[in-house]
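Okay, my_file.txt now, which holds compact mmCIF, N, CA, C and O atoms:
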# COMPACT_ATOMS: atom_id res chain seq x y z
N MET A 105 124.63 259.24 -62.23
CA MET A 105 125.34 258.52 -61.20
C MET A 105 124.69 258.72 -59.84
O MET A 105 124.57 257.79 -59.07
N LYS A 106 124.29 259.96 -59.54
CA LYS A 106 123.65 260.24 -58.26
C LYS A 106 122.34 259.49 -58.13
O LYS A 106 122.00 259.03 -57.04
N ILE A 107 121.62 259.35 -59.22
CA ILE A 107 120.34 258.64 -59.20
C ILE A 107 120.57 257.17 -58.88
O ILE A 107 119.84 256.57 -58.09
N CYS A 108 121.59 256.58 -59.49
CA CYS A 108 121.91 255.17 -59.22
C CYS A 108 122.26 254.96 -57.75
O CYS A 108 121.82 253.99 -57.13
N PHE A 109 123.03 255.88 -57.20
CA PHE A 109 123.41 255.79 -55.79
C PHE A 109 122.19 255.92 -54.89
O PHE A 109 122.04 255.17 -53.92
N LEU A 110 121.30 256.82 -55.21
CA LEU A 110 120.08 257.02 -54.44
C LEU A 110 119.20 255.77 -54.49
O LEU A 110 118.67 255.33 -53.47
N ILE A 111 119.07 255.18 -55.66
CA ILE A 111 118.28 253.95 -55.80
C ILE A 111 118.90 252.82 -54.99
O ILE A 111 118.20 252.05 -54.33
N LEU A 112 120.22 252.74 -55.00
CA LEU A 112 120.92 251.73 -54.21
C LEU A 112 120.65 251.91 -52.72
O LEU A 112 120.34 250.94 -52.01
N LEU A 113 120.73 253.12 -52.23
CA LEU A 113 120.47 253.39 -50.82
C LEU A 113 119.04 253.04 -50.43
O LEU A 113 118.80 252.46 -49.38
N ILE A 114 118.10 253.39 -51.27
CA ILE A 114 116.69 253.08 -50.99
C ILE A 114 116.47 251.57 -50.97
O ILE A 114 115.80 251.05 -50.08
N SER A 115 117.05 250.87 -51.93
CA SER A 115 116.86 249.42 -51.97
C SER A 115 117.51 248.73 -50.78
O SER A 115 116.98 247.76 -50.25
N LEU A 116 118.65 249.23 -50.32
CA LEU A 116 119.29 248.65 -49.14
C LEU A 116 118.47 248.90 -47.88
O LEU A 116 118.39 248.05 -47.01
N SER A 117 117.84 250.05 -47.79
CA SER A 117 117.05 250.36 -46.60
C SER A 117 115.82 249.47 -46.50
O SER A 117 115.32 249.21 -45.41
N VAL A 118 115.32 248.98 -47.63
CA VAL A 118 114.18 248.07 -47.61
C VAL A 118 114.56 246.77 -46.91
O VAL A 118 113.76 246.16 -46.23
N TYR A 119 115.81 246.34 -47.07
CA TYR A 119 116.27 245.10 -46.49
C TYR A 119 116.99 245.29 -45.16
O TYR A 119 117.54 244.35 -44.62
N ALA A 120 117.00 246.50 -44.64
CA ALA A 120 117.70 246.77 -43.40
C ALA A 120 116.88 246.33 -42.20
O ALA A 120 115.66 246.45 -42.18
N SER A 121 117.56 245.77 -41.25
CA SER A 121 116.95 245.37 -40.00
C SER A 121 117.87 245.77 -38.86
O SER A 121 119.02 246.14 -39.08
N LYS A 122 117.34 245.68 -37.67
CA LYS A 122 118.14 245.92 -36.47
C LYS A 122 118.08 244.67 -35.60
O LYS A 122 117.11 243.92 -35.65
N VAL A 123 119.10 244.50 -34.81
CA VAL A 123 119.10 243.44 -33.80
C VAL A 123 119.43 244.10 -32.46
O VAL A 123 120.38 244.85 -32.35
N SER A 124 118.59 243.82 -31.49
CA SER A 124 118.80 244.36 -30.15
C SER A 124 118.89 243.23 -29.15
O SER A 124 118.16 242.23 -29.25
N ILE A 125 119.77 243.40 -28.19
CA ILE A 125 119.87 242.49 -27.06
C ILE A 125 119.33 243.25 -25.85
O ILE A 125 119.77 244.36 -25.56
N ILE A 126 118.36 242.64 -25.19
CA ILE A 126 117.67 243.30 -24.08
C ILE A 126 117.76 242.39 -22.85
O ILE A 126 117.49 241.19 -22.93
N LYS A 127 118.15 242.95 -21.73
CA LYS A 127 118.20 242.21 -20.46
C LYS A 127 116.84 242.34 -19.79
O LYS A 127 116.32 243.45 -19.62
N VAL A 128 116.24 241.20 -19.44
CA VAL A 128 114.92 241.20 -18.80
C VAL A 128 115.04 240.44 -17.48
O VAL A 128 115.06 239.20 -17.45
N GLU A 129 115.15 241.17 -16.40
CA GLU A 129 115.27 240.56 -15.07
C GLU A 129 113.90 240.05 -14.61
O GLU A 129 112.87 240.57 -15.00
N GLY A 130 113.93 239.02 -13.78
CA GLY A 130 112.70 238.52 -13.17
C GLY A 130 112.16 237.26 -13.83
O GLY A 130 111.34 236.56 -13.24
N MET A 131 112.59 236.97 -15.04
CA MET A 131 112.13 235.74 -15.69
C MET A 131 112.79 234.56 -14.98
O MET A 131 114.01 234.54 -14.81
N HIS A 132 111.98 233.58 -14.55
CA HIS A 132 112.56 232.47 -13.80
C HIS A 132 112.10 231.09 -14.30
O HIS A 132 112.53 230.09 -13.76
N CYS A 133 111.25 231.07 -15.32
CA CYS A 133 110.78 229.78 -15.83
C CYS A 133 110.43 229.91 -17.32
O CYS A 133 110.31 231.02 -17.84
N PRO A 134 110.23 228.78 -17.99
CA PRO A 134 109.88 228.83 -19.40
C PRO A 134 108.56 229.57 -19.69
O PRO A 134 108.42 230.17 -20.75
N LEU A 135 107.64 229.56 -18.76
CA LEU A 135 106.39 230.31 -18.97
C LEU A 135 106.65 231.81 -19.03
O LEU A 135 106.00 232.54 -19.79
N CYS A 136 107.60 232.28 -18.24
CA CYS A 136 107.96 233.70 -18.26
C CYS A 136 108.51 234.08 -19.64
O CYS A 136 108.12 235.10 -20.22
N THR A 137 109.42 233.26 -20.15
CA THR A 137 110.02 233.57 -21.44
C THR A 137 108.99 233.50 -22.56
O THR A 137 109.01 234.31 -23.48
N THR A 138 108.05 232.56 -22.44
CA THR A 138 106.99 232.45 -23.45
C THR A 138 106.10 233.69 -23.46
O THR A 138 105.75 234.19 -24.53
N ALA A 139 105.77 234.19 -22.28
CA ALA A 139 104.93 235.39 -22.19
C ALA A 139 105.61 236.59 -22.83
O ALA A 139 104.99 237.35 -23.59
N VAL A 140 106.90 236.76 -22.55
CA VAL A 140 107.65 237.89 -23.11
C VAL A 140 107.77 237.74 -24.62
O VAL A 140 107.54 238.69 -25.38
N LYS A 141 108.09 236.54 -25.08
CA LYS A 141 108.26 236.29 -26.51
C LYS A 141 106.97 236.53 -27.27
O LYS A 141 106.95 237.19 -28.32
N LYS A 142 105.85 236.03 -26.75
CA LYS A 142 104.56 236.22 -27.42
C LYS A 142 104.18 237.69 -27.48
O LYS A 142 103.65 238.16 -28.48
N ALA A 143 104.45 238.43 -26.41
CA ALA A 143 104.12 239.85 -26.39
C ALA A 143 104.92 240.61 -27.44
O ALA A 143 104.36 241.42 -28.20
N ILE A 144 106.21 240.34 -27.53
CA ILE A 144 107.06 241.04 -28.50
C ILE A 144 106.61 240.72 -29.92
O ILE A 144 106.56 241.59 -30.78
N LYS A 145 106.25 239.46 -30.17
CA LYS A 145 105.85 239.04 -31.52
C LYS A 145 104.54 239.69 -31.98
O LYS A 145 104.24 239.67 -33.17
N THR A 146 103.78 240.29 -31.07
CA THR A 146 102.54 240.97 -31.48
C THR A 146 102.81 242.27 -32.21
O THR A 146 101.93 242.79 -32.88
N LEU A 147 104.02 242.81 -32.06
CA LEU A 147 104.36 244.06 -32.73
C LEU A 147 104.61 243.81 -34.22
O LEU A 147 105.26 242.84 -34.59
N ASP A 148 104.10 244.71 -35.07
CA ASP A 148 104.37 244.63 -36.50
C ASP A 148 105.84 244.94 -36.75
O ASP A 148 106.38 245.88 -36.17
N GLY A 149 106.46 244.16 -37.62
CA GLY A 149 107.84 244.41 -37.99
C GLY A 149 108.85 243.57 -37.22
O GLY A 149 110.05 243.66 -37.47
N ILE A 150 108.38 242.73 -36.31
CA ILE A 150 109.28 241.85 -35.58
C ILE A 150 109.57 240.64 -36.46
O ILE A 150 108.66 239.99 -36.96
N GLU A 151 110.85 240.37 -36.68
CA GLU A 151 111.23 239.26 -37.54
C GLU A 151 111.56 238.00 -36.76
O GLU A 151 111.21 236.90 -37.17
N LYS A 152 112.24 238.15 -35.63
CA LYS A 152 112.63 236.97 -34.84
C LYS A 152 112.87 237.38 -33.40
O LYS A 152 113.42 238.45 -33.14
N VAL A 153 112.45 236.52 -32.47
CA VAL A 153 112.68 236.73 -31.04
C VAL A 153 113.26 235.45 -30.47
O VAL A 153 112.70 234.37 -30.69
N SER A 154 114.35 235.56 -29.76
CA SER A 154 114.89 234.40 -29.04
C SER A 154 115.28 234.85 -27.63
O SER A 154 115.75 235.96 -27.43
N ILE A 155 115.04 233.95 -26.68
CA ILE A 155 115.28 234.29 -25.28
C ILE A 155 116.12 233.19 -24.64
O ILE A 155 115.85 232.01 -24.83
N ARG A 156 117.12 233.61 -23.88
CA ARG A 156 117.95 232.68 -23.09
C ARG A 156 117.59 232.90 -21.62
O ARG A 156 117.89 233.94 -21.04
N LEU A 157 116.92 231.93 -21.04
CA LEU A 157 116.47 232.03 -19.66
C LEU A 157 117.65 232.14 -18.69
O LEU A 157 117.61 232.93 -17.74
N ASN A 158 118.71 231.37 -18.94
CA ASN A 158 119.84 231.37 -18.00
C ASN A 158 120.57 232.71 -17.94
O ASN A 158 121.13 233.07 -16.91
N THR A 159 120.56 233.48 -19.04
CA THR A 159 121.22 234.79 -19.03
C THR A 159 120.22 235.94 -18.91
O THR A 159 120.61 237.08 -18.76
N LYS A 160 118.94 235.60 -19.04
CA LYS A 160 117.85 236.61 -18.99
C LYS A 160 117.97 237.63 -20.13
O LYS A 160 117.61 238.78 -19.99
N LYS A 161 118.48 237.17 -21.29
CA LYS A 161 118.67 238.06 -22.43
C LYS A 161 117.71 237.69 -23.56
O LYS A 161 117.50 236.52 -23.86
N VAL A 162 117.15 238.74 -24.14
CA VAL A 162 116.24 238.61 -25.27
C VAL A 162 116.93 239.20 -26.49
O VAL A 162 117.42 240.32 -26.45
N LYS A 163 116.96 238.43 -27.57
CA LYS A 163 117.51 238.91 -28.84
C LYS A 163 116.34 239.12 -29.78
O LYS A 163 115.58 238.19 -30.05
N VAL A 164 116.19 240.35 -30.27
CA VAL A 164 115.08 240.69 -31.15
C VAL A 164 115.64 241.23 -32.46
O VAL A 164 116.44 242.16 -32.47
N ILE A 165 115.22 240.62 -33.56
CA ILE A 165 115.55 241.11 -34.89
C ILE A 165 114.28 241.72 -35.45
O ILE A 165 113.23 241.07 -35.46
N TYR A 166 114.38 242.98 -35.87
CA TYR A 166 113.17 243.70 -36.28
C TYR A 166 113.48 244.68 -37.39
O TYR A 166 114.62 245.07 -37.61
N LYS A 167 112.42 245.04 -38.10
CA LYS A 167 112.55 245.97 -39.22
C LYS A 167 112.95 247.35 -38.70
O LYS A 167 112.69 247.71 -37.56
N ASP A 168 113.55 248.11 -39.58
CA ASP A 168 114.08 249.42 -39.25
C ASP A 168 113.01 250.40 -38.76
O ASP A 168 113.31 251.33 -38.03
N ASN A 169 111.75 250.18 -39.14
CA ASN A 169 110.70 251.12 -38.76
C ASN A 169 110.15 250.88 -37.35
O ASN A 169 109.36 251.67 -36.85
N VAL A 170 110.56 249.80 -36.70
CA VAL A 170 110.11 249.52 -35.33
C VAL A 170 111.00 250.29 -34.37
O VAL A 170 112.22 250.36 -34.53
N LEU A 171 110.39 250.87 -33.35
CA LEU A 171 111.14 251.61 -32.34
C LEU A 171 111.48 250.69 -31.17
O LEU A 171 110.63 249.92 -30.70
N LEU A 172 112.72 250.76 -30.71
CA LEU A 172 113.13 249.96 -29.56
C LEU A 172 112.25 250.25 -28.35
O LEU A 172 111.90 249.34 -27.60
N ASN A 173 111.86 251.49 -28.18
CA ASN A 173 111.01 251.85 -27.05
C ASN A 173 109.68 251.09 -27.09
O ASN A 173 109.16 250.71 -26.04
N ASP A 174 109.14 250.85 -28.28
CA ASP A 174 107.90 250.07 -28.39
C ASP A 174 108.10 248.65 -27.89
O ASP A 174 107.22 248.07 -27.25
N ILE A 175 109.27 248.08 -28.17
CA ILE A 175 109.58 246.73 -27.68
C ILE A 175 109.68 246.73 -26.16
O ILE A 175 109.12 245.86 -25.48
N LEU A 176 110.36 247.74 -25.61
CA LEU A 176 110.51 247.83 -24.16
C LEU A 176 109.18 248.03 -23.46
O LEU A 176 108.92 247.43 -22.40
N VAL A 177 108.31 248.84 -24.04
CA VAL A 177 106.98 249.05 -23.46
C VAL A 177 106.17 247.76 -23.52
O VAL A 177 105.46 247.42 -22.56
N THR A 178 106.29 247.03 -24.61
CA THR A 178 105.58 245.75 -24.74
C THR A 178 106.06 244.75 -23.70
O THR A 178 105.26 244.02 -23.11
N ILE A 179 107.35 244.71 -23.46
CA ILE A 179 107.89 243.83 -22.42
C ILE A 179 107.30 244.22 -21.06
O ILE A 179 106.92 243.35 -20.27
N LYS A 180 107.17 245.50 -20.82
CA LYS A 180 106.63 245.99 -19.55
C LYS A 180 105.18 245.53 -19.32
O LYS A 180 104.76 245.34 -18.19
N THR A 181 104.43 245.31 -20.41
CA THR A 181 103.05 244.84 -20.27
C THR A 181 102.99 243.42 -19.71
O THR A 181 101.93 242.99 -19.26
N THR A 182 104.11 242.71 -19.73
CA THR A 182 104.16 241.36 -19.18
C THR A 182 104.66 241.37 -17.73
O THR A 182 104.95 240.31 -17.17
N SER A 183 104.78 242.53 -17.14
CA SER A 183 105.23 242.74 -15.75
C SER A 183 106.73 242.55 -15.56
O SER A 183 107.20 242.32 -14.45
N TYR A 184 107.48 242.64 -16.65
CA TYR A 184 108.94 242.57 -16.57
C TYR A 184 109.51 243.87 -17.10
O TYR A 184 108.87 244.58 -17.86
N GLU A 185 110.73 244.16 -16.69
CA GLU A 185 111.41 245.38 -17.12
C GLU A 185 112.56 245.01 -18.05
O GLU A 185 113.42 244.22 -17.68
N GLY A 186 112.54 245.58 -19.24
CA GLY A 186 113.61 245.33 -20.19
C GLY A 186 114.57 246.51 -20.27
O GLY A 186 114.14 247.66 -20.23
N VAL A 187 115.87 246.20 -20.36
CA VAL A 187 116.91 247.23 -20.47
C VAL A 187 117.78 246.87 -21.67
O VAL A 187 118.31 245.76 -21.75
N GLU A 188 117.93 247.82 -22.58
CA GLU A 188 118.75 247.60 -23.78
C GLU A 188 120.21 247.40 -23.40
O GLU A 188 120.79 248.18 -22.66
N ILE A 189 120.80 246.33 -23.94
CA ILE A 189 122.23 246.10 -23.77
C ILE A 189 122.97 246.60 -25.02
O ILE A 189 123.97 247.28 -24.93
N SER A 190 122.43 246.23 -26.20
CA SER A 190 123.05 246.68 -27.45
C SER A 190 122.05 246.64 -28.58
O SER A 190 121.08 245.89 -28.55
N THR A 191 122.31 247.48 -29.58
CA THR A 191 121.51 247.50 -30.81
C THR A 191 122.45 247.77 -31.96
O THR A 191 123.32 248.63 -31.86
N GLU A 192 122.28 247.01 -33.03
CA GLU A 192 123.07 247.26 -34.23
C GLU A 192 122.22 247.04 -35.46
O GLU A 192 121.20 246.35 -35.43
N LYS A 193 122.63 247.64 -36.54
CA LYS A 193 121.90 247.56 -37.79
C LYS A 193 122.45 246.40 -38.62
O LYS A 193 123.65 246.18 -38.69
N LEU A 194 121.55 245.64 -39.22
CA LEU A 194 121.93 244.53 -40.08
C LEU A 194 121.52 244.85 -41.51
O LEU A 194 120.50 245.46 -41.73
N ILE A 195 122.29 244.38 -42.44
CA ILE A 195 121.89 244.43 -43.85
C ILE A 195 121.71 242.99 -44.27
O ILE A 195 122.66 242.21 -44.29
N LEU A 196 120.47 242.60 -44.56
CA LEU A 196 120.17 241.24 -44.96
C LEU A 196 120.59 241.00 -46.39
O LEU A 196 120.40 241.85 -47.25
N LYS A 197 121.13 239.85 -46.63
CA LYS A 197 121.59 239.51 -47.98
C LYS A 197 120.72 238.45 -48.58
O LYS A 197 120.20 237.62 -47.98

Output the file's structure as structure tokens, nothing else.
Amino acid sequence: MKICFLILLISLSVYASKVSIIKVEGMHCPLCTTAVKKAIKTLDGIEKVSIRLNTKKVKVIYKDNVLLNDILVTIKTTSYEGVEISTEKLILK
């Protein structure tokens, strides 16, 4: 029984992802959002990036092995500062 439970946990972790909402101040045009989005997508393990210019919020869905700090550092390379608003774990079905 313990082995079955362990196998279940391992298989679920393979499909686990995180979603983070990041506030990025300073973006004022579609070119700004494109630069941030392209930079984030260069990281391995990024599944989806969406940006709302009017709220200055970036939603990133990424694999469990990606560190949020790596995403924030990548945003900083585009001359913008990202601040985490929320992060939660997703189980993909």

> Can you list, as number ranges by chain, every protein, DNA or RNA residue that comes within 4.5 Å of region 127-139 of chain A when you count only N, CA, C and O atoms, leaving out same-chain residues fewer than 2 positions away?
Replying inline: A: 125, 141-143, 160, 185-187

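Using only N, CA, C and O atoms, the nearest neighbour of Ser190 (chain A) within the list A:Ala120, A:Val162, A:Ile144, A:Ile150 is A:Val162.
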
>> Just checking: using only C-alpha atoms, which residue out of A:Asn158, A:Glu151, A:Val140, A:Val123 ends up closest to Thr181 (chain A)?
In response: A:Val140

Please put the answer as AutoDock Vina command-line options: centre and edge lengths, in Å with one decimal, of a box along x, y and z that encloses all listed atoms of region 120-136 of chain A plus 6 Å on each side.
--center_x 113.2 --center_y 237.8 --center_z -28.9 --size_x 26.4 --size_y 30.0 --size_z 43.5

>> Between atom O of Ile179 (chain A) and atom N of Lys193 (chain A), what is the distance in Å, rounded to a tenth?
In response: 23.0 Å

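For the atom pair formed by CA of Ser121 (chain A) and CA of Asp148 (chain A), the distance is 13.1 Å, given to one decimal.
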
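Atom pair CA of Leu176 (chain A) / CA of Lys145 (chain A) has a distance of 12.4 Å (rounded to one decimal).
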
>> Please return, as JSON, numbers by chain, all residues of region 110-190 of chain A that DSSP assigns to strand (DSSP E or B) on the basis of the backbone.
In response: {"A": [120, 121, 122, 123, 124, 125, 126, 127, 128, 129, 150, 151, 152, 153, 154, 155, 156, 161, 162, 163, 164, 165, 166, 167, 185, 186, 187, 188, 189, 190]}

Could those residues be written to a file, using N, CA, C and O atoms, as a short mmCIF file (atom, residue, chain, number, x, y, z; two decimals), in the frame of the given file?
data_model
loop_
_atom_site.label_atom_id
_atom_site.label_comp_id
_atom_site.auth_asym_id
_atom_site.auth_seq_id
_atom_site.Cartn_x
_atom_site.Cartn_y
_atom_site.Cartn_z
N ALA A 120 117.00 246.50 -44.64
CA ALA A 120 117.70 246.77 -43.40
C ALA A 120 116.88 246.33 -42.20
O ALA A 120 115.66 246.45 -42.18
N SER A 121 117.56 245.77 -41.25
CA SER A 121 116.95 245.37 -40.00
C SER A 121 117.87 245.77 -38.86
O SER A 121 119.02 246.14 -39.08
N LYS A 122 117.34 245.68 -37.67
CA LYS A 122 118.14 245.92 -36.47
C LYS A 122 118.08 244.67 -35.60
O LYS A 122 117.11 243.92 -35.65
N VAL A 123 119.10 244.50 -34.81
CA VAL A 123 119.10 243.44 -33.80
C VAL A 123 119.43 244.10 -32.46
O VAL A 123 120.38 244.85 -32.35
N SER A 124 118.59 243.82 -31.49
CA SER A 124 118.80 244.36 -30.15
C SER A 124 118.89 243.23 -29.15
O SER A 124 118.16 242.23 -29.25
N ILE A 125 119.77 243.40 -28.19
CA ILE A 125 119.87 242.49 -27.06
C ILE A 125 119.33 243.25 -25.85
O ILE A 125 119.77 244.36 -25.56
N ILE A 126 118.36 242.64 -25.19
CA ILE A 126 117.67 243.30 -24.08
C ILE A 126 117.76 242.39 -22.85
O ILE A 126 117.49 241.19 -22.93
N LYS A 127 118.15 242.95 -21.73
CA LYS A 127 118.20 242.21 -20.46
C LYS A 127 116.84 242.34 -19.79
O LYS A 127 116.32 243.45 -19.62
N VAL A 128 116.24 241.20 -19.44
CA VAL A 128 114.92 241.20 -18.80
C VAL A 128 115.04 240.44 -17.48
O VAL A 128 115.06 239.20 -17.45
N GLU A 129 115.15 241.17 -16.40
CA GLU A 129 115.27 240.56 -15.07
C GLU A 129 113.90 240.05 -14.61
O GLU A 129 112.87 240.57 -15.00
N ILE A 150 108.38 242.73 -36.31
CA ILE A 150 109.28 241.85 -35.58
C ILE A 150 109.57 240.64 -36.46
O ILE A 150 108.66 239.99 -36.96
N GLU A 151 110.85 240.37 -36.68
CA GLU A 151 111.23 239.26 -37.54
C GLU A 151 111.56 238.00 -36.76
O GLU A 151 111.21 236.90 -37.17
N LYS A 152 112.24 238.15 -35.63
CA LYS A 152 112.63 236.97 -34.84
C LYS A 152 112.87 237.38 -33.40
O LYS A 152 113.42 238.45 -33.14
N VAL A 153 112.45 236.52 -32.47
CA VAL A 153 112.68 236.73 -31.04
C VAL A 153 113.26 235.45 -30.47
O VAL A 153 112.70 234.37 -30.69
N SER A 154 114.35 235.56 -29.76
CA SER A 154 114.89 234.40 -29.04
C SER A 154 115.28 234.85 -27.63
O SER A 154 115.75 235.96 -27.43
N ILE A 155 115.04 233.95 -26.68
CA ILE A 155 115.28 234.29 -25.28
C ILE A 155 116.12 233.19 -24.64
O ILE A 155 115.85 232.01 -24.83
N ARG A 156 117.12 233.61 -23.88
CA ARG A 156 117.95 232.68 -23.09
C ARG A 156 117.59 232.90 -21.62
O ARG A 156 117.89 233.94 -21.04
N LYS A 161 118.48 237.17 -21.29
CA LYS A 161 118.67 238.06 -22.43
C LYS A 161 117.71 237.69 -23.56
O LYS A 161 117.50 236.52 -23.86
N VAL A 162 117.15 238.74 -24.14
CA VAL A 162 116.24 238.61 -25.27
C VAL A 162 116.93 239.20 -26.49
O VAL A 162 117.42 240.32 -26.45
N LYS A 163 116.96 238.43 -27.57
CA LYS A 163 117.51 238.91 -28.84
C LYS A 163 116.34 239.12 -29.78
O LYS A 163 115.58 238.19 -30.05
N VAL A 164 116.19 240.35 -30.27
CA VAL A 164 115.08 240.69 -31.15
C VAL A 164 115.64 241.23 -32.46
O VAL A 164 116.44 242.16 -32.47
N ILE A 165 115.22 240.62 -33.56
CA ILE A 165 115.55 241.11 -34.89
C ILE A 165 114.28 241.72 -35.45
O ILE A 165 113.23 241.07 -35.46
N TYR A 166 114.38 242.98 -35.87
CA TYR A 166 113.17 243.70 -36.28
C TYR A 166 113.48 244.68 -37.39
O TYR A 166 114.62 245.07 -37.61
N LYS A 167 112.42 245.04 -38.10
CA LYS A 167 112.55 245.97 -39.22
C LYS A 167 112.95 247.35 -38.70
O LYS A 167 112.69 247.71 -37.56
N GLU A 185 110.73 244.16 -16.69
CA GLU A 185 111.41 245.38 -17.12
C GLU A 185 112.56 245.01 -18.05
O GLU A 185 113.42 244.22 -17.68
N GLY A 186 112.54 245.58 -19.24
CA GLY A 186 113.61 245.33 -20.19
C GLY A 186 114.57 246.51 -20.27
O GLY A 186 114.14 247.66 -20.23
N VAL A 187 115.87 246.20 -20.36
CA VAL A 187 116.91 247.23 -20.47
C VAL A 187 117.78 246.87 -21.67
O VAL A 187 118.31 245.76 -21.75
N GLU A 188 117.93 247.82 -22.58
CA GLU A 188 118.75 247.60 -23.78
C GLU A 188 120.21 247.40 -23.40
O GLU A 188 120.79 248.18 -22.66
N ILE A 189 120.80 246.33 -23.94
CA ILE A 189 122.23 246.10 -23.77
C ILE A 189 122.97 246.60 -25.02
O ILE A 189 123.97 247.28 -24.93
N SER A 190 122.43 246.23 -26.20
CA SER A 190 123.05 246.68 -27.45
C SER A 190 122.05 246.64 -28.58
O SER A 190 121.08 245.89 -28.55
#

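Around the coordinate (115.7, 240.3, -32.5), residues that reach within 6 Å when counting all atoms listed in the file are Lys122, Val123, Ser124, Lys152, Val153, Ser154, Lys163, Val164, Ile165 and Tyr166 of chain A.
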
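Residue nearest Lys167 (chain A) within the list A:Ile189, A:Ile126, A:Leu147, A:Ile155: A:Leu147 [criterion: smallest interatomic distance, only C-alpha atoms].
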
Please return region 156-162 of chain A, rebuilt to all heavy atoms, as a tab-separated table (two decimals), keeping the file's coordinate frame.
chain	number	residue	atom	x	y	z
A	156	ARG	N	117.12	233.61	-23.88
A	156	ARG	CA	117.95	232.68	-23.09
A	156	ARG	C	117.59	232.90	-21.62
A	156	ARG	O	117.89	233.94	-21.04
A	156	ARG	CB	119.44	232.97	-23.30
A	156	ARG	CG	119.96	232.82	-24.70
A	156	ARG	CD	120.05	231.37	-25.13
A	156	ARG	NE	120.76	230.56	-24.16
A	156	ARG	CZ	121.91	229.96	-24.39
A	156	ARG	NH1	122.48	230.07	-25.56
A	156	ARG	NH2	122.48	229.25	-23.44
A	157	LEU	N	116.92	231.93	-21.04
A	157	LEU	CA	116.47	232.03	-19.66
A	157	LEU	C	117.65	232.14	-18.69
A	157	LEU	O	117.61	232.93	-17.74
A	157	LEU	CB	115.58	230.84	-19.29
A	157	LEU	CG	115.01	230.82	-17.87
A	157	LEU	CD1	114.17	232.07	-17.61
A	157	LEU	CD2	114.18	229.58	-17.66
A	158	ASN	N	118.71	231.37	-18.94
A	158	ASN	CA	119.84	231.37	-18.00
A	158	ASN	C	120.57	232.71	-17.94
A	158	ASN	O	121.13	233.07	-16.91
A	158	ASN	CB	120.82	230.23	-18.32
A	158	ASN	CG	121.40	230.34	-19.72
A	158	ASN	OD1	120.83	230.98	-20.60
A	158	ASN	ND2	122.53	229.69	-19.94
A	159	THR	N	120.56	233.48	-19.04
A	159	THR	CA	121.22	234.79	-19.03
A	159	THR	C	120.22	235.94	-18.91
A	159	THR	O	120.61	237.08	-18.76
A	159	THR	CB	122.03	235.00	-20.32
A	159	THR	OG1	121.17	234.95	-21.44
A	159	THR	CG2	123.14	233.97	-20.44
A	160	LYS	N	118.94	235.60	-19.04
A	160	LYS	CA	117.85	236.61	-18.99
A	160	LYS	C	117.97	237.63	-20.13
A	160	LYS	O	117.61	238.78	-19.99
A	160	LYS	CB	117.82	237.33	-17.65
A	160	LYS	CG	117.90	236.44	-16.45
A	160	LYS	CD	116.59	236.33	-15.76
A	160	LYS	CE	116.66	235.61	-14.43
A	160	LYS	NZ	116.75	234.19	-14.51
A	161	LYS	N	118.48	237.17	-21.29
A	161	LYS	CA	118.67	238.06	-22.43
A	161	LYS	C	117.71	237.69	-23.56
A	161	LYS	O	117.50	236.52	-23.86
A	161	LYS	CB	120.11	237.99	-22.94
A	161	LYS	CG	121.10	238.61	-21.99
A	161	LYS	CD	122.49	238.57	-22.53
A	161	LYS	CE	123.47	239.17	-21.53
A	161	LYS	NZ	124.85	239.04	-22.00
A	162	VAL	N	117.15	238.74	-24.14
A	162	VAL	CA	116.24	238.61	-25.27
A	162	VAL	C	116.93	239.20	-26.49
A	162	VAL	O	117.42	240.32	-26.45
A	162	VAL	CB	114.92	239.37	-25.00
A	162	VAL	CG1	113.98	239.26	-26.18
A	162	VAL	CG2	114.26	238.87	-23.72
